[in-house]
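Please read the structure below before turning to the comments.
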Amino acid sequence: MNAPTVSFEFFPPQNLEASFRLWDTVQTLAPLDPSFVSVTYGAGGTTRDLTRDAVATLHKSSGLNVAAHLTCVNATREETLAIARDFAEAGVREIVALRGDAPKGQDRFTAMAGGFANSLELIEALAATGDFKIRVGAYPDRHPEAASARADIDWLKAKLDAGASEAITQFFFEADTFFRFRDDCAAAGITAPIIPGILPIESWKGTRNFAKRCGTKVPAWMEDAFDKAERDGRSDLLATAICTELCSELIDGGAPALHFYTLNRPELTRDVCHALGVTPKLELQNVA
Ligand code: FAD
């Protein structure tokens, strides 16, 4: 197996301590030479400023190719496009364009008056600027709001046809889930790369709750395995083994790259990357 192409997702820091954690994460993962790193985008005004600042600082200081996430939540079209312009002016030319989830306290996404009604409208507007490479979200376990698996894939195709060039998936736990989805996408005429999103399991309890909210199916064997590993204090080992095996199967089965949801905790992602043969580029240069 050749070492795969990898990319990493971070979230913007909310305080000074979190800023140090993000920088530590970047320092640990940057030597693995990711094709890009991305920064998530929150629902409120303050977290948006943090995304904007984190994106600009990472772009300026890390030398990495940075992609900014952008959503339709709680903003007019003009406000959202002004943020996109800020990204472009900071030199950031890649956007992960999303509808976004409802902010805390609301149970469904509702478009704001004068705001983008859905991700498709956002993608069209971003594509019309000609400034960005656009990636979108995709859902191998099916998005909880999709009318059917087929409708979900038709919607993904519409997003790609509207000007996006790649899709990154929500996390999932079994390689077959991804392969089935990829094949269904191909049968529906989707030719753009679909990059699996990988969530290394830092905390089993947290991951299980998150999976429930996202509609990601949790296989029974994982419940059993983590119950036993937690009892024996070996969850980290199990998480590394499970994630490495999933990634190997995905790459062997033709996945074009791997996108890691790091949660700003670099160790597990780093260990899995090393196991997959993604080793620090600087060390290799030093050896040569
Ligand atoms: P869409 O694909 O637009 O919609 C989700 C599903 O709903 C579709 O698959 C489709 O089945 C159905 N649907 C929606 N509208 C229609 C329509 N008009 N007609 C038919 N079907 C429709 N959230 C954040 O808040 N910030 C982030 O930074 C962030 N980053 C993410 C990164 C990735 C890679 C992924 C996969 C998700 C991310 N999310 C983020 C979560 C995301 O915002 C939620 O999953 C949200 O519920 C859907 O966003 P989307 O753009 O994928 O939605």
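Ligands are numbered from 1 in the order shown, residues from 1 within each chain, and chains are lettered A, B, ... in the order they appear in the structure tokens.
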
Would you write out, as a tab-separated table, a table of all residues in chain A that have an atom no more than 6 Å from an atom of ligand 1, listing for each the closest atom pair and the distance in Å to one decimal, considering only C-alpha atoms and all ligand atoms and ordering rows by chain and rising residue number?
residue	atom	partner	partner_atom_place_in_ligand_line	distance
A:Thr40	CA	ligand 1	28 (O)	3.3
A:Tyr41	CA	ligand 1	28 (O)	3.9
A:Gly42	CA	ligand 1	25 (O)	5.2
A:His69	CA	ligand 1	28 (O)	4.9
A:Leu98	CA	ligand 1	51 (O)	3.2
A:Arg99	CA	ligand 1	51 (O)	3.8
A:Gly100	CA	ligand 1	43 (O)	3.0
A:Asp101	CA	ligand 1	47 (O)	4.5
A:Asn118	CA	ligand 1	3 (O)	5.6
A:Ser119	CA	ligand 1	3 (O)	4.3
A:Gly137	CA	ligand 1	36 (C)	3.8
A:Ala138	CA	ligand 1	36 (C)	5.4
A:His143	CA	ligand 1	6 (C)	5.2
A:Glu145	CA	ligand 1	7 (O)	4.8
A:Ala146	CA	ligand 1	11 (O)	3.5
A:Ala151	CA	ligand 1	11 (O)	5.7
A:Asp152	CA	ligand 1	11 (O)	3.6
A:Trp155	CA	ligand 1	10 (C)	5.4
A:Ile168	CA	ligand 1	34 (C)	4.7
A:Thr169	CA	ligand 1	36 (C)	4.9
A:Gln170	CA	ligand 1	36 (C)	4.0

What would the file look like if the residues just selected were written as a PDB file, in the first residue's frame with C-alpha atoms?
ATOM      1  CA  THR A  40     -14.770  24.543  11.074  1.00  0.00           C
ATOM      2  CA  TYR A  41     -17.324  27.325  11.282  1.00  0.00           C
ATOM      3  CA  GLY A  42     -19.793  27.904  14.120  1.00  0.00           C
ATOM      4  CA  HIS A  69     -15.634  26.049   6.310  1.00  0.00           C
ATOM      5  CA  LEU A  98     -22.226  23.639   4.045  1.00  0.00           C
ATOM      6  CA  ARG A  99     -25.785  24.360   5.010  1.00  0.00           C
ATOM      7  CA  GLY A 100     -24.860  24.035   8.682  1.00  0.00           C
ATOM      8  CA  ASP A 101     -26.806  22.684  11.628  1.00  0.00           C
ATOM      9  CA  ASN A 118     -29.685  25.770   1.502  1.00  0.00           C
ATOM     10  CA  SER A 119     -26.176  24.643   0.664  1.00  0.00           C
ATOM     11  CA  GLY A 137     -20.349  17.334   2.744  1.00  0.00           C
ATOM     12  CA  ALA A 138     -21.609  13.825   1.890  1.00  0.00           C
ATOM     13  CA  HIS A 143     -28.167  12.452   6.370  1.00  0.00           C
ATOM     14  CA  GLU A 145     -33.007  14.804   7.056  1.00  0.00           C
ATOM     15  CA  ALA A 146     -32.735  12.976   3.710  1.00  0.00           C
ATOM     16  CA  ALA A 151     -32.554  11.568  -2.580  1.00  0.00           C
ATOM     17  CA  ASP A 152     -29.413  12.182  -0.517  1.00  0.00           C
ATOM     18  CA  TRP A 155     -28.769  16.235  -3.668  1.00  0.00           C
ATOM     19  CA  ILE A 168     -15.844  14.939   2.162  1.00  0.00           C
ATOM     20  CA  THR A 169     -17.977  12.429   4.013  1.00  0.00           C
ATOM     21  CA  GLN A 170     -19.412  12.448   7.480  1.00  0.00           C
TER      22      GLN A 170
END

For this session: Pick out the residues sitting within 8 Å of region 105-117 of chain A, and hand them over as an NGL selection string; count only C-alpha atoms, and ignore anything fewer than 2 positions along from it in its own chain.
Result: :A and (72-78 or 100-103 or 119 or 121-122)

Problem set entry | Which of A:Thr216, A:Thr207, A:Ser35, A:Asn264 sits closest to Thr177 (chain A) [using only C-alpha atoms] |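 Between A:Thr216, A:Thr207, A:Ser35, A:Asn264, the residue approaching Thr177 (chain A) most closely is A:Thr216.
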
Exercise. Which parts of region 83-224 of chain A does DSSP call helix (DSSP H, G or I) when run on the backbone here, written out as number ranges by chain?
Worked result: A: 83-89, 119-129, 149-161, 175-187, 204-214, 220-224

Exercise. Which residues, written as a ChimeraX atom specification, have at least one atom at most 12 Å from Arg150 (chain A), with only C-alpha atoms counted and residues fewer than 2 positions away on the same chain left out?
Worked result: /A:139-143,146-148,152-157,181,184-185,187-188

Problem set entry | Coordinates-based distance that separates CA of Thr25 (chain A) from CA of Pro13 (chain A) (Å, one decimal) |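 CA of Pro13 (chain A) sits 11.6 Å away from CA of Thr25 (chain A).
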
Problem set entry | Contacts of Asn65 (chain A) at 7 Å (only C-alpha atoms; same-chain gap of 5+ positions) as a VMD selection string | chain A and resid 35 to 37 59

Problem set entry | For Trp23 (chain A), the nearest of the candidates A:Pro266, A:Pro200, A:Gly254, A:Gly189, counting only C-alpha atoms |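 Among the listed residues, A:Pro266 lies closest to Trp23 (chain A).
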
With 12 Å as the cut-off and only C-alpha atoms counted, what is the closest atom pair between each nearby residue of region 138-192 of chain A and region 201-204 of chain A? Distances in Å to one decimal, ordered by chain and number, as JSON lines.
{"residue": "A:Phe171", "atom": "CA", "partner": "A:Ile201", "partner_atom": "CA", "distance": 10.8}
{"residue": "A:Phe172", "atom": "CA", "partner": "A:Ile201", "partner_atom": "CA", "distance": 11.4}
{"residue": "A:Phe173", "atom": "CA", "partner": "A:Ile201", "partner_atom": "CA", "distance": 10.3}
